file my_file_36.cif (mmCIF, C-alpha atoms)
data_protein
loop_
_atom_site.group_PDB
_atom_site.id
_atom_site.type_symbol
_atom_site.label_atom_id
_atom_site.label_comp_id
_atom_site.auth_asym_id
_atom_site.auth_seq_id
_atom_site.Cartn_x
_atom_site.Cartn_y
_atom_site.Cartn_z
ATOM 1 C CA MET S 270 123.204 118.324 125.880
ATOM 2 C CA THR S 271 122.486 114.643 125.466
ATOM 3 C CA ASP S 272 124.268 112.365 123.000
ATOM 4 C CA ARG S 273 121.401 109.913 123.105
ATOM 5 C CA LYS S 274 119.375 109.442 119.943
ATOM 6 C CA ALA S 275 115.924 107.919 119.604
ATOM 7 C CA ASP S 276 116.144 104.617 117.732
ATOM 8 C CA ILE S 277 113.702 104.618 114.810
ATOM 9 C CA ALA S 278 112.055 101.826 112.816
ATOM 10 C CA VAL S 279 110.527 102.756 109.452
ATOM 11 C CA PHE S 280 107.677 100.601 108.096
ATOM 12 C CA VAL S 281 107.283 100.460 104.301
ATOM 13 C CA SER S 282 105.365 98.597 101.594
ATOM 14 C CA GLY S 283 106.585 99.943 98.250
ATOM 15 C CA GLY S 284 109.207 102.079 96.543
ATOM 16 C CA GLY S 285 110.331 103.885 99.660
ATOM 17 C CA THR S 286 110.475 107.513 98.459
ATOM 18 C CA ASN S 287 109.542 108.778 101.931
ATOM 19 C CA LEU S 288 112.121 106.440 103.460
ATOM 20 C CA GLN S 289 114.689 108.003 101.113
ATOM 21 C CA ALA S 290 113.630 111.481 102.272
ATOM 22 C CA LEU S 291 114.283 110.376 105.871
ATOM 23 C CA ILE S 292 117.665 108.841 105.006
ATOM 24 C CA ASP S 293 118.651 112.064 103.200
ATOM 25 C CA ALA S 294 117.431 114.187 106.126
ATOM 26 C CA GLN S 295 119.582 112.145 108.483
ATOM 27 C CA GLU S 296 122.601 112.715 106.265
ATOM 28 C CA THR S 297 122.000 116.456 105.884
ATOM 29 C CA GLY S 298 121.440 117.062 109.595
ATOM 30 C CA ILE S 299 117.691 117.754 109.562
ATOM 31 C CA ILE S 300 117.223 114.678 111.757
ATOM 32 C CA THR S 301 119.757 114.802 114.601
ATOM 33 C CA SER S 302 117.742 113.534 117.598
ATOM 34 C CA GLY S 303 117.021 110.122 116.094
ATOM 35 C CA ARG S 304 118.600 107.516 113.858
ATOM 36 C CA ILE S 305 116.988 104.911 111.624
ATOM 37 C CA ARG S 306 118.030 101.516 112.969
ATOM 38 C CA LEU S 307 115.586 99.248 111.174
ATOM 39 C CA VAL S 308 113.319 99.093 108.118
ATOM 40 C CA ILE S 309 110.428 96.623 108.067
ATOM 41 C CA SER S 310 108.473 95.960 104.876
ATOM 42 C CA SER S 311 105.091 94.271 104.516
ATOM 43 C CA ARG S 312 106.310 92.946 101.135
ATOM 44 C CA SER S 313 109.530 91.113 100.379
ATOM 45 C CA ASP S 314 109.752 92.646 96.869
ATOM 46 C CA ALA S 315 109.494 96.282 98.037
ATOM 47 C CA TYR S 316 112.250 98.449 96.541
ATOM 48 C CA ALA S 317 112.390 100.295 99.870
ATOM 49 C CA LEU S 318 114.343 97.320 101.275
ATOM 50 C CA GLU S 319 117.031 97.958 98.673
ATOM 51 C CA ARG S 320 117.160 101.663 99.622
ATOM 52 C CA ALA S 321 117.668 100.703 103.267
ATOM 53 C CA ARG S 322 120.470 98.263 102.477
ATOM 54 C CA LYS S 323 122.226 100.826 100.263
ATOM 55 C CA ALA S 324 122.173 103.201 103.226
ATOM 56 C CA GLY S 325 123.593 100.515 105.519
ATOM 57 C CA ILE S 326 120.356 100.116 107.506
ATOM 58 C CA ASP S 327 119.173 96.671 108.617
ATOM 59 C CA ALA S 328 116.006 95.709 106.745
ATOM 60 C CA CYS S 329 113.608 92.769 106.634
ATOM 61 C CA ALA S 330 110.191 91.764 105.297
ATOM 62 C CA ILE S 331 107.444 90.570 107.629
ATOM 63 C CA SER S 332 104.402 89.717 105.550
ATOM 64 C CA ALA S 333 100.927 88.456 106.343
ATOM 65 C CA LYS S 334 101.101 86.425 103.135
ATOM 66 C CA GLU S 335 103.877 84.312 104.619
ATOM 67 C CA LEU S 336 102.767 84.330 108.262
ATOM 68 C CA GLY S 337 99.038 83.968 107.699
ATOM 69 C CA SER S 338 97.616 86.453 110.198
ATOM 70 C CA ARG S 339 97.946 90.009 111.450
ATOM 71 C CA GLN S 340 98.553 88.685 114.956
ATOM 72 C CA ALA S 341 101.530 86.617 113.780
ATOM 73 C CA VAL S 342 102.883 89.603 111.841
ATOM 74 C CA GLU S 343 102.610 91.959 114.824
ATOM 75 C CA GLU S 344 104.191 89.376 117.130
ATOM 76 C CA GLN S 345 107.197 89.123 114.827
ATOM 77 C CA ILE S 346 107.336 92.912 114.431
ATOM 78 C CA ASN S 347 107.328 93.355 118.224
ATOM 79 C CA ASN S 348 110.201 90.880 118.550
ATOM 80 C CA LYS S 349 112.222 92.832 115.989
ATOM 81 C CA LEU S 350 111.460 96.182 117.646
ATOM 82 C CA GLU S 351 112.597 94.765 120.969
ATOM 83 C CA GLU S 352 115.751 93.305 119.453
ATOM 84 C CA TYR S 353 116.729 96.757 118.140
ATOM 85 C CA SER S 354 115.513 98.682 121.254
ATOM 86 C CA ILE S 355 113.285 100.839 119.044
ATOM 87 C CA ASP S 356 111.864 104.038 120.572
ATOM 88 C CA MET S 357 109.575 105.179 117.768
ATOM 89 C CA ILE S 358 108.048 103.998 114.487
ATOM 90 C CA VAL S 359 107.492 105.874 111.235
ATOM 91 C CA LEU S 360 104.949 104.558 108.732
ATOM 92 C CA ALA S 361 106.265 105.644 105.332
ATOM 93 C CA GLY S 362 103.798 104.221 102.827
ATOM 94 C CA TYR S 363 103.026 101.200 104.991
ATOM 95 C CA LEU S 364 99.802 99.697 103.666
ATOM 96 C CA SER S 365 98.874 97.327 106.492
ATOM 97 C CA ILE S 366 96.484 98.499 109.209
ATOM 98 C CA LEU S 367 97.923 98.015 112.701
ATOM 99 C CA SER S 368 95.746 96.594 115.482
ATOM 100 C CA GLU S 369 94.399 98.589 118.396
ATOM 101 C CA ASP S 370 96.615 96.584 120.768
ATOM 102 C CA PHE S 371 99.693 97.479 118.779
ATOM 103 C CA THR S 372 98.879 101.194 118.425
ATOM 104 C CA ARG S 373 98.000 101.458 122.114
ATOM 105 C CA ARG S 374 101.337 99.938 123.065
ATOM 106 C CA TRP S 375 103.088 102.566 120.925
ATOM 107 C CA ASP S 376 100.873 105.506 121.895
ATOM 108 C CA HIS S 377 102.310 108.807 120.580
ATOM 109 C CA ARG S 378 105.331 106.937 119.237
ATOM 110 C CA ILE S 379 104.055 106.023 115.751
ATOM 111 C CA LEU S 380 104.027 108.682 113.031
ATOM 112 C CA ASN S 381 102.267 108.340 109.674
ATOM 113 C CA ILE S 382 102.424 110.499 106.554
ATOM 114 C CA HIS S 383 99.161 110.910 104.648
ATOM 115 C CA PRO S 384 98.952 112.614 101.206
ATOM 116 C CA SER S 385 96.082 115.028 101.940
ATOM 117 C CA LEU S 386 95.120 117.687 104.452
ATOM 118 C CA ILE S 387 93.337 115.556 107.060
ATOM 119 C CA PRO S 388 90.340 115.419 107.642
ATOM 120 C CA SER S 389 89.892 115.526 103.830
ATOM 121 C CA PHE S 390 90.353 112.362 101.744
ATOM 122 C CA CYS S 391 91.461 110.097 104.562
ATOM 123 C CA GLY S 392 90.448 106.963 106.450
ATOM 124 C CA ARG S 393 90.180 103.339 105.409
ATOM 125 C CA GLY S 394 90.833 102.775 101.703
ATOM 126 C CA TYR S 395 92.359 106.219 101.127
ATOM 127 C CA TYR S 396 95.978 105.694 100.163
ATOM 128 C CA GLY S 397 98.261 106.139 97.176
ATOM 129 C CA LEU S 398 96.807 107.556 93.971
ATOM 130 C CA ARG S 399 93.225 107.192 95.161
ATOM 131 C CA VAL S 400 93.659 110.179 97.498
ATOM 132 C CA HIS S 401 94.715 112.423 94.601
ATOM 133 C CA GLU S 402 92.030 111.052 92.261
ATOM 134 C CA GLU S 403 89.363 111.962 94.832
ATOM 135 C CA ALA S 404 90.854 115.416 95.432
ATOM 136 C CA LEU S 405 90.769 116.173 91.691
ATOM 137 C CA LYS S 406 87.254 114.743 91.361
ATOM 138 C CA LYS S 407 86.083 117.045 94.135
ATOM 139 C CA GLY S 408 87.727 120.035 92.469
ATOM 140 C CA VAL S 409 89.703 121.214 95.492
ATOM 141 C CA LYS S 410 92.087 124.102 94.822
ATOM 142 C CA VAL S 411 94.447 123.234 97.675
ATOM 143 C CA THR S 412 95.595 119.844 98.912
ATOM 144 C CA GLY S 413 98.745 118.815 100.778
ATOM 145 C CA ALA S 414 100.093 116.312 103.268
ATOM 146 C CA THR S 415 99.664 115.564 106.966
ATOM 147 C CA VAL S 416 101.889 113.867 109.511
ATOM 148 C CA HIS S 417 99.925 112.497 112.438
ATOM 149 C CA PHE S 418 100.280 110.135 115.365
ATOM 150 C CA VAL S 419 98.725 106.738 114.750
ATOM 151 C CA ASN S 420 95.882 105.405 116.872
ATOM 152 C CA GLU S 421 93.290 102.651 116.321
ATOM 153 C CA ILE S 422 91.332 104.783 113.793
ATOM 154 C CA PRO S 423 92.895 104.910 110.284
ATOM 155 C CA ASP S 424 94.239 108.484 109.840
ATOM 156 C CA GLY S 425 92.483 109.391 113.103
ATOM 157 C CA GLY S 426 95.364 110.337 115.402
ATOM 158 C CA GLU S 427 96.514 113.764 116.556
ATOM 159 C CA ILE S 428 98.015 115.954 113.804
ATOM 160 C CA VAL S 429 101.714 116.818 114.161
ATOM 161 C CA MET S 430 102.322 118.859 111.005
ATOM 162 C CA GLN S 431 100.589 119.833 107.752
ATOM 163 C CA ARG S 432 101.692 121.587 104.580
ATOM 164 C CA ALA S 433 99.441 122.856 101.800
ATOM 165 C CA VAL S 434 100.083 122.362 98.072
ATOM 166 C CA GLU S 435 98.295 124.149 95.244
ATOM 167 C CA VAL S 436 96.286 122.119 92.733
ATOM 168 C CA MET S 437 97.055 123.281 89.188
ATOM 169 C CA GLU S 438 94.916 123.342 86.086
ATOM 170 C CA GLY S 439 95.488 120.182 84.051
ATOM 171 C CA ASP S 440 96.789 118.132 86.990
ATOM 172 C CA THR S 441 96.517 114.365 86.693
ATOM 173 C CA PRO S 442 96.553 112.211 89.854
ATOM 174 C CA GLU S 443 100.157 111.248 89.053
ATOM 175 C CA ILE S 444 101.341 114.844 88.581
ATOM 176 C CA LEU S 445 99.571 115.951 91.749
ATOM 177 C CA GLN S 446 100.986 113.012 93.702
ATOM 178 C CA ARG S 447 104.522 113.997 92.689
ATOM 179 C CA ARG S 448 103.993 117.663 93.630
ATOM 180 C CA VAL S 449 102.550 116.737 97.034
ATOM 181 C CA MET S 450 105.555 114.488 97.679
ATOM 182 C CA GLU S 451 108.109 117.119 96.659
ATOM 183 C CA GLN S 452 106.454 120.172 98.204
ATOM 184 C CA ALA S 453 104.954 118.628 101.342
ATOM 185 C CA GLU S 454 105.648 114.996 102.269
ATOM 186 C CA TRP S 455 109.438 115.032 101.908
ATOM 187 C CA ILE S 456 109.613 118.259 103.927
ATOM 188 C CA ILE S 457 107.223 117.695 106.828
ATOM 189 C CA LEU S 458 107.960 114.013 107.453
ATOM 190 C CA PRO S 459 111.645 114.551 108.412
ATOM 191 C CA LEU S 460 110.720 117.655 110.452
ATOM 192 C CA SER S 461 108.025 115.716 112.330
ATOM 193 C CA VAL S 462 110.404 112.827 112.973
ATOM 194 C CA GLU S 463 113.001 115.218 114.404
ATOM 195 C CA LYS S 464 110.385 116.960 116.570
ATOM 196 C CA THR S 465 109.053 113.652 117.957
ATOM 197 C CA ALA S 466 112.520 112.120 118.470
ATOM 198 C CA ALA S 467 113.706 115.257 120.307
ATOM 199 C CA ALA S 468 110.672 115.091 122.618
ATOM 200 C CA LEU S 469 111.291 111.379 123.314
ATOM 201 C CA ILE S 470 114.885 111.924 124.421
ATOM 202 C CA GLY S 471 113.930 115.034 126.365
ATOM 203 C CA LYS S 472 115.957 117.440 124.237
#

call {"tool": "encode", "arguments": {"input": "my_file_36.cif", "output": "structure tokens"}}
result
Amino acid sequence: MTDRKADIAVFVSGGGTNLQALIDAQETGIITSGRIRLVISSRSDAYALERARKAGIDACAISAKELGSRQAVEEQINNKLEEYSIDMIVLAGYLSILSEDFTRRWDHRILNIHPSLIPSFCGRGYYGLRVHEEALKKGVKVTGATVHFVNEIPDGGEIVMQRAVEVMEGDTPEILQRRVMEQAEWIILPLSVEKTAAALIGK
């Protein structure tokens, strides 16, 4: 039995509810093969940074607004990942698209959570409430969430885990978003992180 844990960086852009689910899962023993060492936000005003600091996790903002280009952002991100000897990355509501060079370097070591059952309602431009608005517009009876590996195609990587959620009569995008988070995202993201971390350390 190895004592080694995979060192994890979580990328965020907003409130950090999925980050909180990962922090909680670490505390309750759902995630045992990895530990969150670093949180990187694309926005300096993201509340997720506050969540990280409260949990005693190092956190910083690396934004294109301040650095001027995606290349500069990714260069700084790579320096940070190296500094913390990161093994894997989790995108938890991270709204910047990563370059092909970056995703290739981290092949099968970047996980993303998407709030639909891929291949429905996914790809460029599908994030946040828009996903749920489109699902309701289409009249689907079942939606859910997907955790997948990240490659150069937005939401195009290999699926790790999915969980279905029922669409109810009278749902608004906001109500549906909350149900998908509670019944799918916050469950399958920690499980997928544990599965991937365990594989990385050869557990």

call {"tool": "residues_around", "arguments": {"input": "my_file_36.cif", "residues": "range 421-427 of chain S", "least_positions_apart": "2", "cutoff": "10 Å", "atoms": "only C-alpha atoms", "output": "number ranges by chain"}}
result
S: 366-373, 376-377, 379-383, 387-388, 390-395, 415-419, 429-430

call {"tool": "closest_residue", "arguments": {"input": "my_file_36.cif", "among": "S:Glu443, S:Glu335, S:Glu344, S:Asp356", "to": "Ile305 in chain S", "atoms": "all atoms listed in the file"}}
result
S:Asp356

call {"tool": "residues_around", "arguments": {"input": "my_file_36.cif", "residues": "Ala404 in chain S", "least_positions_apart": "4", "cutoff": "9 Å", "atoms": "all atoms listed in the file", "output": "list in words"}}
result
Ser385, Ser389, Phe390, Arg399, Val400, Gly408, Val409, Lys410, Val411, Thr412 and Pro442 of chain S

call {"tool": "atom_distance", "arguments": {"input": "my_file_36.cif", "atom1": "CA of Leu336 in chain S", "atom2": "CA of Val281 in chain S"}}
result
17.2 Å

call {"tool": "atom_distance", "arguments": {"input": "my_file_36.cif", "atom1": "CA of Ser302 in chain S", "atom2": "CA of Ile470 in chain S"}}
result
7.6 Å

call {"tool": "decode", "arguments": {"input": "my_file_36.cif", "residues": "range 427-462 of chain S", "atoms": "N, CA, C and O atoms", "output": "CSV table (one decimal), in the first residue's frame"}}
result
chain,number,residue,atom,x,y,z
S,427,GLU,N,-12.4,11.8,-23.7
S,427,GLU,CA,-13.0,10.5,-23.2
S,427,GLU,C,-13.8,10.7,-21.9
S,427,GLU,O,-13.3,11.4,-21.0
S,428,ILE,N,-15.0,10.1,-21.9
S,428,ILE,CA,-15.9,10.2,-20.7
S,428,ILE,C,-15.4,9.3,-19.6
S,428,ILE,O,-15.0,8.1,-19.8
S,429,VAL,N,-15.3,9.8,-18.4
S,429,VAL,CA,-14.9,9.1,-17.2
S,429,VAL,C,-16.1,8.6,-16.5
S,429,VAL,O,-16.2,7.5,-16.0
S,430,MET,N,-17.1,9.5,-16.3
S,430,MET,CA,-18.3,9.1,-15.5
S,430,MET,C,-19.5,10.0,-15.9
S,430,MET,O,-19.2,11.2,-16.2
S,431,GLN,N,-20.7,9.5,-15.8
S,431,GLN,CA,-21.9,10.3,-16.1
S,431,GLN,C,-22.9,9.9,-15.0
S,431,GLN,O,-22.9,8.8,-14.5
S,432,ARG,N,-23.8,10.8,-14.8
S,432,ARG,CA,-25.0,10.6,-13.9
S,432,ARG,C,-26.2,11.3,-14.4
S,432,ARG,O,-26.1,12.5,-14.7
S,433,ALA,N,-27.3,10.6,-14.5
S,433,ALA,CA,-28.5,11.2,-15.0
S,433,ALA,C,-29.3,11.9,-13.9
S,433,ALA,O,-29.3,11.4,-12.8
S,434,VAL,N,-30.1,12.9,-14.3
S,434,VAL,CA,-30.9,13.7,-13.4
S,434,VAL,C,-32.2,13.9,-14.2
S,434,VAL,O,-32.2,14.3,-15.3
S,435,GLU,N,-33.3,13.7,-13.5
S,435,GLU,CA,-34.7,13.9,-14.1
S,435,GLU,C,-35.0,15.4,-14.2
S,435,GLU,O,-34.7,16.2,-13.3
S,436,VAL,N,-35.6,15.7,-15.3
S,436,VAL,CA,-36.1,17.1,-15.5
S,436,VAL,C,-37.6,17.1,-15.1
S,436,VAL,O,-38.3,16.2,-15.4
S,437,MET,N,-37.9,18.1,-14.2
S,437,MET,CA,-39.3,18.1,-13.6
S,437,MET,C,-40.1,19.2,-14.3
S,437,MET,O,-39.6,20.2,-14.8
S,438,GLU,N,-41.4,18.9,-14.3
S,438,GLU,CA,-42.4,19.9,-14.8
S,438,GLU,C,-42.2,21.2,-14.0
S,438,GLU,O,-42.0,21.2,-12.8
S,439,GLY,N,-42.1,22.3,-14.7
S,439,GLY,CA,-42.0,23.6,-14.0
S,439,GLY,C,-40.6,24.1,-13.7
S,439,GLY,O,-40.3,25.1,-13.1
S,440,ASP,N,-39.6,23.2,-14.2
S,440,ASP,CA,-38.2,23.6,-13.9
S,440,ASP,C,-37.8,24.9,-14.6
S,440,ASP,O,-38.2,25.1,-15.8
S,441,THR,N,-37.1,25.7,-13.9
S,441,THR,CA,-36.4,26.9,-14.6
S,441,THR,C,-35.0,26.5,-14.8
S,441,THR,O,-34.5,25.5,-14.1
S,442,PRO,N,-34.2,27.2,-15.6
S,442,PRO,CA,-32.8,26.9,-15.7
S,442,PRO,C,-32.1,26.9,-14.4
S,442,PRO,O,-31.2,26.0,-14.1
S,443,GLU,N,-32.4,27.8,-13.5
S,443,GLU,CA,-31.8,27.9,-12.2
S,443,GLU,C,-32.1,26.7,-11.3
S,443,GLU,O,-31.2,26.2,-10.7
S,444,ILE,N,-33.3,26.3,-11.3
S,444,ILE,CA,-33.7,25.2,-10.5
S,444,ILE,C,-33.1,23.9,-11.0
S,444,ILE,O,-32.6,23.1,-10.2
S,445,LEU,N,-33.1,23.7,-12.3
S,445,LEU,CA,-32.4,22.6,-12.9
S,445,LEU,C,-30.9,22.5,-12.7
S,445,LEU,O,-30.4,21.5,-12.4
S,446,GLN,N,-30.3,23.7,-12.8
S,446,GLN,CA,-28.9,23.8,-12.5
S,446,GLN,C,-28.5,23.3,-11.1
S,446,GLN,O,-27.6,22.5,-10.9
S,447,ARG,N,-29.3,23.7,-10.2
S,447,ARG,CA,-29.1,23.4,-8.8
S,447,ARG,C,-29.3,21.8,-8.6
S,447,ARG,O,-28.5,21.2,-7.9
S,448,ARG,N,-30.3,21.3,-9.2
S,448,ARG,CA,-30.6,19.8,-9.1
S,448,ARG,C,-29.4,19.0,-9.7
S,448,ARG,O,-29.0,18.0,-9.1
S,449,VAL,N,-29.0,19.5,-10.9
S,449,VAL,CA,-27.9,18.8,-11.5
S,449,VAL,C,-26.6,18.8,-10.7
S,449,VAL,O,-25.9,17.8,-10.6
S,450,MET,N,-26.4,20.0,-10.1
S,450,MET,CA,-25.2,20.1,-9.2
S,450,MET,C,-25.3,19.1,-8.0
S,450,MET,O,-24.4,18.3,-7.7
S,451,GLU,N,-26.5,19.1,-7.3
S,451,GLU,CA,-26.6,18.3,-6.1
S,451,GLU,C,-26.7,16.8,-6.4
S,451,GLU,O,-26.2,16.0,-5.6
S,452,GLN,N,-27.4,16.5,-7.5
S,452,GLN,CA,-27.6,15.0,-7.7
S,452,GLN,C,-26.6,14.4,-8.6
S,452,GLN,O,-26.5,13.2,-8.7
S,453,ALA,N,-25.8,15.2,-9.3
S,453,ALA,CA,-24.8,14.6,-10.2
S,453,ALA,C,-23.4,15.2,-10.1
S,453,ALA,O,-22.5,14.5,-9.7
S,454,GLU,N,-23.2,16.5,-10.3
S,454,GLU,CA,-21.9,17.1,-10.3
S,454,GLU,C,-21.1,16.8,-9.0
S,454,GLU,O,-20.0,16.3,-9.1
S,455,TRP,N,-21.7,17.1,-7.9
S,455,TRP,CA,-21.0,17.0,-6.6
S,455,TRP,C,-20.8,15.6,-6.2
S,455,TRP,O,-20.0,15.3,-5.3
S,456,ILE,N,-21.4,14.6,-6.9
S,456,ILE,CA,-21.2,13.2,-6.6
S,456,ILE,C,-20.1,12.6,-7.5
S,456,ILE,O,-19.1,12.0,-7.1
S,457,ILE,N,-20.3,12.9,-8.8
S,457,ILE,CA,-19.4,12.2,-9.8
S,457,ILE,C,-18.0,12.9,-9.9
S,457,ILE,O,-17.0,12.2,-10.2
S,458,LEU,N,-17.9,14.2,-9.6
S,458,LEU,CA,-16.6,14.8,-9.7
S,458,LEU,C,-15.6,14.3,-8.7
S,458,LEU,O,-14.5,13.8,-9.1
S,459,PRO,N,-16.0,14.2,-7.4
S,459,PRO,CA,-15.0,13.6,-6.4
S,459,PRO,C,-14.7,12.2,-6.8
S,459,PRO,O,-13.5,11.7,-6.6
S,460,LEU,N,-15.7,11.4,-7.2
S,460,LEU,CA,-15.4,10.0,-7.5
S,460,LEU,C,-14.5,9.8,-8.7
S,460,LEU,O,-13.6,9.0,-8.7
S,461,SER,N,-14.6,10.7,-9.7
S,461,SER,CA,-13.8,10.7,-10.9
S,461,SER,C,-12.3,11.1,-10.5
S,461,SER,O,-11.4,10.6,-11.0
S,462,VAL,N,-12.2,12.1,-9.6
S,462,VAL,CA,-10.9,12.5,-9.2
S,462,VAL,C,-10.2,11.4,-8.4
S,462,VAL,O,-9.0,11.1,-8.7
